[in-house]
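Below: the structure, in structure tokens.
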Amino acid sequence: MTRVLVPEQIAGAVPWLGARVQRLRGESMGTTWQVLWADGDAARHDEVRAAIEAELDLVVAQMSTWLPTSDLERFNAAPAGTRRALPEALAEVLAAALWLADASSGAFNPAAGALVNLWGFGPAPRYTDPGFAPPDAAAVQAALAGTDWRALRFDAATREATQPGGLRLDFSAIAKGHAVDRVARRLGELGIAHTLVEVGGELLGQGLRPDGMPWWVDLETPPVGSGHARPRATRVALHGLSVATSGDYRRAYLHGGWRLPHSLDPRTGQPVAHGLASVSVLHAECLWADAWSTALTVAGREAGVALAEAHGIAALFVQREPDGCLTETLTSAMERLAG
Ligand code: AMP
Ligand code: MG
């Protein structure tokens, strides 16, 4: 039977009677986006699209590792000792990322950019390039040397960050979530309160659908080998709630019989290999859902559940067992949403 997750309170205004679901889609941040909202026939599609694209473009201009001119890439390329005042959004995401790096003892690490590139998950070389080979131990050791986020001096009050030299920030595990939050907030400023915003699979729902129901979303389930039971379907009412999922099955490659996913453990320099198929996190803010789902994926089930419990995080862990079946673990906060 489908598991249904619902926030404690469904409250607030209901969309007006003539409202219908409006939809816009597009591409940004190397992925797709989609926004649904409740409005009448004269919905302001052009204005809404322009507002959405402005927010997504801002995140790309500040935080993309694929754009050499982004604020993040300019910081990454700056010589040791360079001090820069970061733009507001970048500083906000950096502060959150550094907090989670400390809280997760480095399982989440925004300074893992050199490792990400080495394993072929950055802009170039890509793991999909012909002839691409994973790095050897010496290369991993060399890259690890530049991944200490504590070496980065950052003053949140002045937004000034100092490049310690060779440190490469990568916000791929948190920026999409932030982009979702920004888009939803901007729509709110336009008077659009009933929205479902999605960027690359990370979602935030606010208000209600025109039919008075919450925005229902089915969680993605990891693939399972034939002969094994599929995990239970999970449906979430995204009412003032966001969800993000990290998994070992979406971006990964096979090498020498090993499956190398794009979630890297910055403490070892290796792709994670503890059999966690996916972690979904529910949180009021998509930035935190996104960042925590990555952190918990890297931590692994045992340490991840303990970490999530310590911080009251609602998470669903799906573990691939040695016999190929999938088992689920819900944290207490997630159990509460399941009623
Ligand atoms: P996500 O899909 O949100 O889990 O983000 C995965 C992406 O985040 C990867 O493609 C890398 O660019 C980056 N990444 C990988 N491992 C980590 C990590 N341990 N901490 C922070 N970012 C990471
Ligand atoms: Mg993430």
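By convention in this document, the chains of the structure tokens carry letters A, B, ... by their order, each chain's residues are numbered from 1, and ligands are numbered from 1 in the order they are shown.
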
Per residue of stretch 150-250 of chain A within 7 Å of stretch 292-302 of chain A, which atom pair is closest and at what distance in Å (one decimal), using only C-alpha atoms, listed by chain and increasing number, as CSV?
```
residue,atom,partner,partner_atom,distance
A:Ala173,CA,A:Thr294,CA,6.3
A:Ala244,CA,A:Ser293,CA,6.4
A:Thr245,CA,A:Ser293,CA,5.8
A:Ser246,CA,A:Ser293,CA,5.5
```

### Message
Please list as a PyMOL selection string every residue within 9 Å of A:Asp57, counting only C-alpha atoms and excluding residues in the same chain fewer than 4 positions away.
### Response
chain A and resi 28-29+52-53+61-62

### Message
ligand 1: which residues are within 6 Å, counting only C-alpha atoms and all ligand atoms? Reply as an NGL selection string.
### Response
:A and (107-110 or 116 or 121 or 172-174 or 246 or 262-266 or 290 or 294 or 298)

Output file for the residues above (all heavy atoms, as a compact mmCIF listing (two decimals), in the first residue's frame):
```txt
# COMPACT_ATOMS: atom_id res chain seq x y z
N ALA A 107 31.10 14.89 5.59
CA ALA A 107 30.42 14.01 4.61
C ALA A 107 29.88 14.89 3.49
O ALA A 107 29.99 14.58 2.31
CB ALA A 107 29.28 13.24 5.27
N PHE A 108 29.31 16.03 3.89
CA PHE A 108 28.95 17.05 2.91
C PHE A 108 30.11 18.04 2.89
O PHE A 108 30.52 18.53 3.94
CB PHE A 108 27.66 17.77 3.33
CG PHE A 108 27.22 18.81 2.34
CD1 PHE A 108 26.35 18.47 1.32
CD2 PHE A 108 27.69 20.11 2.40
CE1 PHE A 108 25.95 19.41 0.38
CE2 PHE A 108 27.29 21.05 1.46
CZ PHE A 108 26.43 20.70 0.46
N ASN A 109 30.64 18.31 1.71
CA ASN A 109 31.79 19.21 1.65
C ASN A 109 31.72 20.08 0.40
O ASN A 109 31.92 19.58 -0.71
CB ASN A 109 33.08 18.39 1.67
CG ASN A 109 34.31 19.28 1.70
OD1 ASN A 109 34.22 20.49 1.52
ND2 ASN A 109 35.47 18.68 1.90
N PRO A 110 31.43 21.37 0.56
CA PRO A 110 31.33 22.25 -0.61
C PRO A 110 32.68 22.51 -1.26
O PRO A 110 32.74 23.07 -2.35
CB PRO A 110 30.75 23.54 -0.03
CG PRO A 110 31.21 23.56 1.39
CD PRO A 110 31.21 22.11 1.83
N VAL A 116 35.49 16.17 -7.40
CA VAL A 116 34.37 16.01 -8.34
C VAL A 116 34.92 16.00 -9.78
O VAL A 116 34.56 15.14 -10.59
CB VAL A 116 33.35 17.16 -8.15
CG1 VAL A 116 32.31 17.16 -9.26
CG2 VAL A 116 32.68 17.07 -6.78
N PHE A 121 32.97 14.09 -12.81
CA PHE A 121 31.60 14.60 -12.64
C PHE A 121 31.53 16.13 -12.76
O PHE A 121 30.47 16.71 -12.55
CB PHE A 121 31.02 14.14 -11.30
CG PHE A 121 30.88 12.64 -11.21
CD1 PHE A 121 31.67 11.89 -10.35
CD2 PHE A 121 29.97 11.98 -12.02
CE1 PHE A 121 31.55 10.51 -10.28
CE2 PHE A 121 29.84 10.60 -11.96
CZ PHE A 121 30.63 9.87 -11.09
N SER A 172 27.04 21.86 -6.51
CA SER A 172 26.07 21.04 -7.25
C SER A 172 25.11 20.28 -6.35
O SER A 172 24.04 19.87 -6.78
CB SER A 172 26.80 20.05 -8.16
OG SER A 172 27.69 20.74 -8.99
N ALA A 173 25.50 20.09 -5.09
CA ALA A 173 24.65 19.32 -4.18
C ALA A 173 23.69 20.20 -3.38
O ALA A 173 22.92 19.69 -2.57
CB ALA A 173 25.54 18.53 -3.22
N ILE A 174 23.71 21.49 -3.63
CA ILE A 174 22.90 22.41 -2.81
C ILE A 174 22.25 23.54 -3.62
O ILE A 174 21.19 24.05 -3.24
CB ILE A 174 23.77 22.98 -1.65
CG1 ILE A 174 22.96 23.78 -0.63
CG2 ILE A 174 24.92 23.82 -2.17
CD1 ILE A 174 23.73 24.14 0.64
N SER A 246 18.80 12.10 -3.23
CA SER A 246 20.12 11.80 -3.80
C SER A 246 20.18 10.29 -3.95
O SER A 246 19.65 9.57 -3.11
CB SER A 246 21.24 12.25 -2.88
OG SER A 246 21.35 13.65 -2.88
N HIS A 262 28.07 9.53 -8.45
CA HIS A 262 28.58 10.92 -8.36
C HIS A 262 28.56 11.48 -6.93
O HIS A 262 28.93 12.62 -6.73
CB HIS A 262 27.83 11.83 -9.33
CG HIS A 262 26.45 12.21 -8.90
ND1 HIS A 262 25.87 13.41 -9.22
CD2 HIS A 262 25.53 11.53 -8.19
CE1 HIS A 262 24.66 13.45 -8.72
NE2 HIS A 262 24.42 12.33 -8.09
N SER A 263 28.13 10.67 -5.98
CA SER A 263 28.26 11.09 -4.58
C SER A 263 29.63 10.62 -4.10
O SER A 263 29.90 9.42 -4.09
CB SER A 263 27.18 10.43 -3.71
OG SER A 263 25.91 10.66 -4.27
N LEU A 264 30.46 11.58 -3.73
CA LEU A 264 31.83 11.24 -3.34
C LEU A 264 31.98 11.41 -1.83
O LEU A 264 31.39 12.32 -1.25
CB LEU A 264 32.82 12.16 -4.05
CG LEU A 264 32.69 12.20 -5.57
CD1 LEU A 264 33.61 13.27 -6.15
CD2 LEU A 264 33.02 10.84 -6.17
N ASP A 265 32.78 10.55 -1.23
CA ASP A 265 33.07 10.73 0.19
C ASP A 265 34.35 11.54 0.30
O ASP A 265 35.45 11.03 0.06
CB ASP A 265 33.23 9.38 0.89
CG ASP A 265 33.31 9.59 2.41
OD1 ASP A 265 33.71 10.70 2.84
OD2 ASP A 265 33.00 8.66 3.15
N PRO A 266 34.26 12.83 0.64
CA PRO A 266 35.43 13.70 0.65
C PRO A 266 36.43 13.33 1.74
O PRO A 266 37.53 13.86 1.78
CB PRO A 266 34.86 15.09 0.91
CG PRO A 266 33.39 14.98 0.67
CD PRO A 266 33.03 13.56 1.00
N ASP A 290 17.94 19.46 -0.21
CA ASP A 290 18.97 19.10 -1.19
C ASP A 290 20.30 18.77 -0.50
O ASP A 290 20.89 17.71 -0.72
CB ASP A 290 19.13 20.29 -2.16
CG ASP A 290 20.01 19.98 -3.36
OD1 ASP A 290 20.46 18.83 -3.48
OD2 ASP A 290 20.25 20.89 -4.17
N THR A 294 22.20 14.84 0.15
CA THR A 294 23.57 14.50 -0.27
C THR A 294 24.40 14.09 0.95
O THR A 294 25.10 13.06 0.92
CB THR A 294 24.23 15.70 -0.97
OG1 THR A 294 23.40 16.11 -2.06
CG2 THR A 294 25.62 15.34 -1.48
N VAL A 298 26.14 10.31 1.55
CA VAL A 298 27.57 10.07 1.73
C VAL A 298 27.84 9.42 3.09
O VAL A 298 28.68 8.52 3.20
CB VAL A 298 28.36 11.41 1.59
CG1 VAL A 298 29.83 11.22 1.91
CG2 VAL A 298 28.19 11.96 0.18
```

### Query
Hey, which of A:Val93, A:Leu144, A:Ala156, A:Val183 ends up closest to A:Ala50? Count only C-alpha atoms.
A:Val183

### Interatomic distance, atom CA of A:Ala114 to atom CA of A:Arg153 (Å, one decimal)
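Atom-to-atom, atom CA of A:Ala114 to atom CA of A:Arg153, that is 18.2 Å.
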
### Summary
Using only C-alpha atoms, the residue out of A:Arg267, A:His228, A:His45, A:Arg83 with shortest distance to A:Ala112 is A:Arg267

#### Entry: Close residues, A:Thr128 itself excluded, 9 Å, only C-alpha atoms, min 4 positions apart in chain, as a PyMOL selection string
chain A and resi 120+132+253

### Task
Please return as number ranges by chain: the residues of stretch 7-256 of chain A that backbone DSSP assigns to strand (DSSP E).
A: 20-28, 31-39, 83-85, 153-155, 160-162, 195-199, 202-206, 216-218, 234-237, 241-247, 252-255

### Task
Could you tell me which of A:Ile313, A:Ala333, A:Ala303, A:Leu241 comes closest to A:Asp181 if we count only C-alpha atoms?
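Comparing A:Ile313, A:Ala333, A:Ala303, A:Leu241 against A:Asp181, the winner is A:Leu241.
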
### Query
Residues of stretch 25-78 of chain A in helix (DSSP H, G or I) according to DSSP, as JSON, numbers by chain?
{"A": [45, 46, 47, 48, 49, 50, 51, 52, 53, 54, 55, 56, 57, 58, 59, 60, 61, 62, 63, 71, 72, 73, 74, 75, 76, 77]}

### Summary
Shortest contact to ligand 2, candidates A:Asn117, A:Ser280, A:Thr2, A:Thr147, atoms counted only C-alpha atoms and all ligand atoms, goes to A:Ser280

### Message
Between atom CA of A:Arg150 and atom CA of A:Met63, what is the distance in Å, rounded to a tenth?
### Response
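Computed distance, atom CA of A:Arg150 to atom CA of A:Met63, equals 19.7 Å.
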
### Task
Using only C-alpha atoms, pick whichever of A:Trp216, A:Pro223, A:Leu5, A:Leu167 has the shortest atom-to-atom distance to A:Ala315.
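Counting only C-alpha atoms, the residue closest to A:Ala315 is A:Leu5.
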
### Point-to-point distance from atom CA of A:Gln206 to atom CA of A:Leu282, Å rounded to tenths
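The value is 13.5 Å.
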
### Selected residue, from A:Leu17, A:Ala43, A:Leu196, A:Val243, that lies nearest to ligand 2 when counting only C-alpha atoms and all ligand atoms
A:Val243

### Message
I want to know what sits within 8 Å of A:His239, based on only C-alpha atoms, with residues of the same chain fewer than 5 positions away left out; could you give that as a list in words?
### Response
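Near A:His239, the qualifying residues are Pro7, Ile10, Gly205, Gln206, Gly207, Leu208, Pro214 and Trp215 of chain A.
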
Produce a file of the selected residues containing all heavy atoms, as a PDB file, in the first residue's frame.
```pdb
ATOM      1  N   PRO A   7       2.137  16.939   6.053  1.00  0.00           N
ATOM      2  CA  PRO A   7       2.557  17.812   7.160  1.00  0.00           C
ATOM      3  C   PRO A   7       1.462  17.918   8.212  1.00  0.00           C
ATOM      4  O   PRO A   7       0.293  17.663   7.920  1.00  0.00           O
ATOM      5  CB  PRO A   7       2.804  19.164   6.487  1.00  0.00           C
ATOM      6  CG  PRO A   7       2.132  19.100   5.171  1.00  0.00           C
ATOM      7  CD  PRO A   7       2.009  17.667   4.793  1.00  0.00           C
ATOM      8  N   ILE A  10      -2.569  21.471   7.461  1.00  0.00           N
ATOM      9  CA  ILE A  10      -2.863  22.004   6.134  1.00  0.00           C
ATOM     10  C   ILE A  10      -3.685  23.259   6.407  1.00  0.00           C
ATOM     11  O   ILE A  10      -4.797  23.186   6.915  1.00  0.00           O
ATOM     12  CB  ILE A  10      -3.668  21.005   5.275  1.00  0.00           C
ATOM     13  CG1 ILE A  10      -2.932  19.651   5.144  1.00  0.00           C
ATOM     14  CG2 ILE A  10      -3.988  21.604   3.918  1.00  0.00           C
ATOM     15  CD1 ILE A  10      -1.934  19.531   4.025  1.00  0.00           C
ATOM     16  N   GLY A 205       6.524  22.638  -2.634  1.00  0.00           N
ATOM     17  CA  GLY A 205       5.110  22.951  -2.840  1.00  0.00           C
ATOM     18  C   GLY A 205       4.641  23.959  -1.812  1.00  0.00           C
ATOM     19  O   GLY A 205       5.029  23.891  -0.638  1.00  0.00           O
ATOM     20  N   GLN A 206       3.826  24.915  -2.262  1.00  0.00           N
ATOM     21  CA  GLN A 206       3.253  25.906  -1.348  1.00  0.00           C
ATOM     22  C   GLN A 206       1.768  26.047  -1.639  1.00  0.00           C
ATOM     23  O   GLN A 206       1.346  25.964  -2.801  1.00  0.00           O
ATOM     24  CB  GLN A 206       3.933  27.268  -1.547  1.00  0.00           C
ATOM     25  CG  GLN A 206       5.333  27.283  -0.987  1.00  0.00           C
ATOM     26  CD  GLN A 206       6.036  28.606  -1.193  1.00  0.00           C
ATOM     27  OE1 GLN A 206       5.796  29.285  -2.182  1.00  0.00           O
ATOM     28  NE2 GLN A 206       6.892  28.970  -0.269  1.00  0.00           N
ATOM     29  N   GLY A 207       0.979  26.270  -0.588  1.00  0.00           N
ATOM     30  CA  GLY A 207      -0.456  26.447  -0.786  1.00  0.00           C
ATOM     31  C   GLY A 207      -1.107  25.163  -1.271  1.00  0.00           C
ATOM     32  O   GLY A 207      -0.668  24.063  -0.923  1.00  0.00           O
ATOM     33  N   LEU A 208      -2.120  25.316  -2.111  1.00  0.00           N
ATOM     34  CA  LEU A 208      -2.921  24.168  -2.543  1.00  0.00           C
ATOM     35  C   LEU A 208      -3.156  24.192  -4.046  1.00  0.00           C
ATOM     36  O   LEU A 208      -2.989  25.233  -4.690  1.00  0.00           O
ATOM     37  CB  LEU A 208      -4.283  24.198  -1.840  1.00  0.00           C
ATOM     38  CG  LEU A 208      -4.267  24.130  -0.312  1.00  0.00           C
ATOM     39  CD1 LEU A 208      -5.647  24.487   0.236  1.00  0.00           C
ATOM     40  CD2 LEU A 208      -3.839  22.748   0.164  1.00  0.00           C
ATOM     41  N   PRO A 214      -3.678  19.324  -1.593  1.00  0.00           N
ATOM     42  CA  PRO A 214      -2.265  19.744  -1.623  1.00  0.00           C
ATOM     43  C   PRO A 214      -1.607  19.261  -2.918  1.00  0.00           C
ATOM     44  O   PRO A 214      -2.180  18.440  -3.638  1.00  0.00           O
ATOM     45  CB  PRO A 214      -1.658  19.039  -0.409  1.00  0.00           C
ATOM     46  CG  PRO A 214      -2.610  17.979  -0.011  1.00  0.00           C
ATOM     47  CD  PRO A 214      -3.948  18.297  -0.584  1.00  0.00           C
ATOM     48  N   TRP A 215      -0.426  19.775  -3.202  1.00  0.00           N
ATOM     49  CA  TRP A 215       0.342  19.301  -4.360  1.00  0.00           C
ATOM     50  C   TRP A 215       0.914  17.934  -3.985  1.00  0.00           C
ATOM     51  O   TRP A 215       1.859  17.850  -3.207  1.00  0.00           O
ATOM     52  CB  TRP A 215       1.465  20.272  -4.707  1.00  0.00           C
ATOM     53  CG  TRP A 215       1.004  21.661  -5.019  1.00  0.00           C
ATOM     54  CD1 TRP A 215       0.976  22.715  -4.159  1.00  0.00           C
ATOM     55  CD2 TRP A 215       0.508  22.147  -6.278  1.00  0.00           C
ATOM     56  NE1 TRP A 215       0.494  23.831  -4.793  1.00  0.00           N
ATOM     57  CE2 TRP A 215       0.196  23.515  -6.100  1.00  0.00           C
ATOM     58  CE3 TRP A 215       0.299  21.572  -7.534  1.00  0.00           C
ATOM     59  CZ2 TRP A 215      -0.309  24.303  -7.130  1.00  0.00           C
ATOM     60  CZ3 TRP A 215      -0.205  22.371  -8.550  1.00  0.00           C
ATOM     61  CH2 TRP A 215      -0.501  23.708  -8.353  1.00  0.00           C
TER      62      TRP A 215
END
```

Near stretch 64-75 of chain A, counting only C-alpha atoms, which residues have an atom at most 12 Å away, once you skip same-chain residues fewer than 6 positions from it, shown as a short mmCIF file (atom, residue, chain, number, x, y, z; two decimals) with N, CA and C atoms, in the first residue's frame?
```
data_model
loop_
_atom_site.label_atom_id
_atom_site.label_comp_id
_atom_site.auth_asym_id
_atom_site.auth_seq_id
_atom_site.Cartn_x
_atom_site.Cartn_y
_atom_site.Cartn_z
N SER A 28 17.64 24.71 -17.35
CA SER A 28 18.64 25.55 -16.68
C SER A 28 19.51 24.64 -15.83
N MET A 29 20.65 25.10 -15.43
CA MET A 29 21.55 24.37 -14.53
C MET A 29 21.81 22.94 -15.01
N GLY A 30 21.87 22.75 -16.34
CA GLY A 30 22.15 21.44 -16.89
C GLY A 30 21.03 20.44 -16.68
N LEU A 56 16.68 31.72 -11.87
CA LEU A 56 17.57 30.61 -12.25
C LEU A 56 18.87 31.16 -12.85
N ASP A 57 18.74 32.20 -13.67
CA ASP A 57 19.94 32.80 -14.27
C ASP A 57 20.87 33.37 -13.21
N LEU A 58 20.27 33.94 -12.16
CA LEU A 58 21.09 34.50 -11.08
C LEU A 58 21.90 33.38 -10.39
N GLY A 81 45.23 33.69 -1.14
CA GLY A 81 45.23 34.96 -0.42
C GLY A 81 44.24 35.98 -0.96
N THR A 82 43.61 35.66 -2.11
CA THR A 82 42.64 36.62 -2.68
C THR A 82 41.41 36.70 -1.79
N ARG A 83 41.05 37.95 -1.43
CA ARG A 83 39.84 38.14 -0.62
C ARG A 83 38.77 38.79 -1.47
N ARG A 84 37.58 38.20 -1.46
CA ARG A 84 36.50 38.69 -2.32
C ARG A 84 35.24 38.86 -1.51
N ALA A 85 34.50 39.94 -1.78
CA ALA A 85 33.15 40.06 -1.22
C ALA A 85 32.22 39.30 -2.17
N LEU A 86 31.54 38.30 -1.65
CA LEU A 86 30.69 37.47 -2.50
C LEU A 86 29.30 38.09 -2.63
N PRO A 87 28.65 37.87 -3.79
CA PRO A 87 27.26 38.35 -3.91
C PRO A 87 26.37 37.62 -2.90
N GLU A 88 25.23 38.25 -2.62
CA GLU A 88 24.38 37.81 -1.51
C GLU A 88 23.97 36.33 -1.56
N ALA A 89 23.47 35.90 -2.71
CA ALA A 89 22.96 34.52 -2.80
C ALA A 89 24.11 33.53 -2.60
N LEU A 90 25.22 33.80 -3.24
CA LEU A 90 26.38 32.91 -3.12
C LEU A 90 26.83 32.82 -1.66
N ALA A 91 26.85 33.96 -0.99
CA ALA A 91 27.26 33.99 0.42
C ALA A 91 26.28 33.20 1.29
N VAL A 93 24.36 30.67 0.39
CA VAL A 93 24.51 29.23 0.16
C VAL A 93 25.83 28.73 0.76
N LEU A 94 26.89 29.54 0.65
CA LEU A 94 28.17 29.14 1.23
C LEU A 94 28.05 28.97 2.75
N PRO A 110 31.43 21.37 0.56
CA PRO A 110 31.33 22.25 -0.61
C PRO A 110 32.68 22.51 -1.26
N ALA A 111 33.76 22.10 -0.61
CA ALA A 111 35.10 22.31 -1.16
C ALA A 111 35.62 21.05 -1.86
N ALA A 112 34.71 20.16 -2.26
CA ALA A 112 35.12 18.90 -2.88
C ALA A 112 35.28 19.02 -4.40
N GLY A 113 35.31 20.26 -4.91
CA GLY A 113 35.33 20.46 -6.36
C GLY A 113 36.46 19.74 -7.09
N ALA A 114 37.65 19.73 -6.50
CA ALA A 114 38.78 19.08 -7.18
C ALA A 114 38.52 17.58 -7.33
N VAL A 116 35.49 16.17 -7.40
CA VAL A 116 34.37 16.01 -8.34
C VAL A 116 34.92 16.00 -9.78
N ASN A 117 35.82 16.94 -10.06
CA ASN A 117 36.41 17.01 -11.40
C ASN A 117 37.24 15.77 -11.71
N PHE A 121 32.97 14.09 -12.81
CA PHE A 121 31.60 14.60 -12.64
C PHE A 121 31.53 16.13 -12.76
N GLY A 122 32.65 16.75 -13.07
CA GLY A 122 32.65 18.20 -13.32
C GLY A 122 32.48 18.44 -14.81
N PRO A 123 32.75 19.68 -15.23
CA PRO A 123 32.56 20.02 -16.64
C PRO A 123 33.48 19.23 -17.58
N ALA A 124 34.75 19.06 -17.20
CA ALA A 124 35.69 18.35 -18.08
C ALA A 124 36.89 17.88 -17.25
N PRO A 125 37.40 16.68 -17.52
CA PRO A 125 36.83 15.70 -18.44
C PRO A 125 35.60 15.04 -17.83
N ARG A 126 34.67 14.62 -18.67
CA ARG A 126 33.46 13.95 -18.19
C ARG A 126 33.67 12.45 -18.19
N LEU A 152 39.02 27.64 4.35
CA LEU A 152 38.39 28.79 3.70
C LEU A 152 37.97 29.79 4.77
N GLU A 160 32.76 38.34 2.98
CA GLU A 160 34.09 38.23 2.39
C GLU A 160 34.67 36.83 2.59
N ALA A 161 35.16 36.27 1.50
CA ALA A 161 35.78 34.95 1.56
C ALA A 161 37.21 35.06 1.04
N THR A 162 38.10 34.29 1.67
CA THR A 162 39.50 34.30 1.24
C THR A 162 39.87 32.94 0.66
N GLN A 163 40.37 32.96 -0.56
CA GLN A 163 40.82 31.73 -1.24
C GLN A 163 42.15 31.29 -0.62
N PRO A 164 42.17 30.11 0.03
CA PRO A 164 43.43 29.68 0.66
C PRO A 164 44.46 29.20 -0.38
N GLY A 165 44.00 28.98 -1.61
CA GLY A 165 44.90 28.51 -2.67
C GLY A 165 44.52 27.11 -3.11
N GLY A 166 44.03 27.02 -4.34
CA GLY A 166 43.72 25.70 -4.91
C GLY A 166 42.42 25.08 -4.43
N LEU A 167 41.68 25.80 -3.60
CA LEU A 167 40.42 25.23 -3.10
C LEU A 167 39.32 25.46 -4.15
N ARG A 168 38.60 24.40 -4.48
CA ARG A 168 37.55 24.51 -5.51
C ARG A 168 36.18 24.22 -4.92
N LEU A 169 35.37 25.27 -4.86
CA LEU A 169 34.01 25.10 -4.38
C LEU A 169 33.14 24.46 -5.46
N ASP A 170 32.25 23.59 -5.05
CA ASP A 170 31.28 22.97 -5.96
C ASP A 170 29.95 22.93 -5.20
N PHE A 171 28.96 23.63 -5.74
CA PHE A 171 27.65 23.73 -5.06
C PHE A 171 26.59 22.85 -5.72
N SER A 172 27.04 21.86 -6.51
CA SER A 172 26.07 21.04 -7.25
C SER A 172 25.11 20.28 -6.35
N ALA A 173 25.50 20.09 -5.09
CA ALA A 173 24.65 19.32 -4.18
C ALA A 173 23.69 20.20 -3.38
N ILE A 174 23.71 21.49 -3.63
CA ILE A 174 22.90 22.41 -2.81
C ILE A 174 22.25 23.54 -3.62
N ALA A 175 22.85 23.88 -4.77
CA ALA A 175 22.39 25.06 -5.52
C ALA A 175 21.01 24.87 -6.16
N LYS A 176 20.72 23.65 -6.59
CA LYS A 176 19.40 23.41 -7.19
C LYS A 176 18.31 23.67 -6.15
N ALA A 179 17.87 27.27 -5.73
CA ALA A 179 17.16 27.83 -6.89
C ALA A 179 15.65 27.62 -6.74
#
```

### Task
Tell me, as a PyMOL selection string, which residues lie within 12 Å of A:Ala38, counting only C-alpha atoms; anything in the same chain fewer than 6 positions away does not count.
chain A and resi 14-24+44-45+187+191-196+205-215
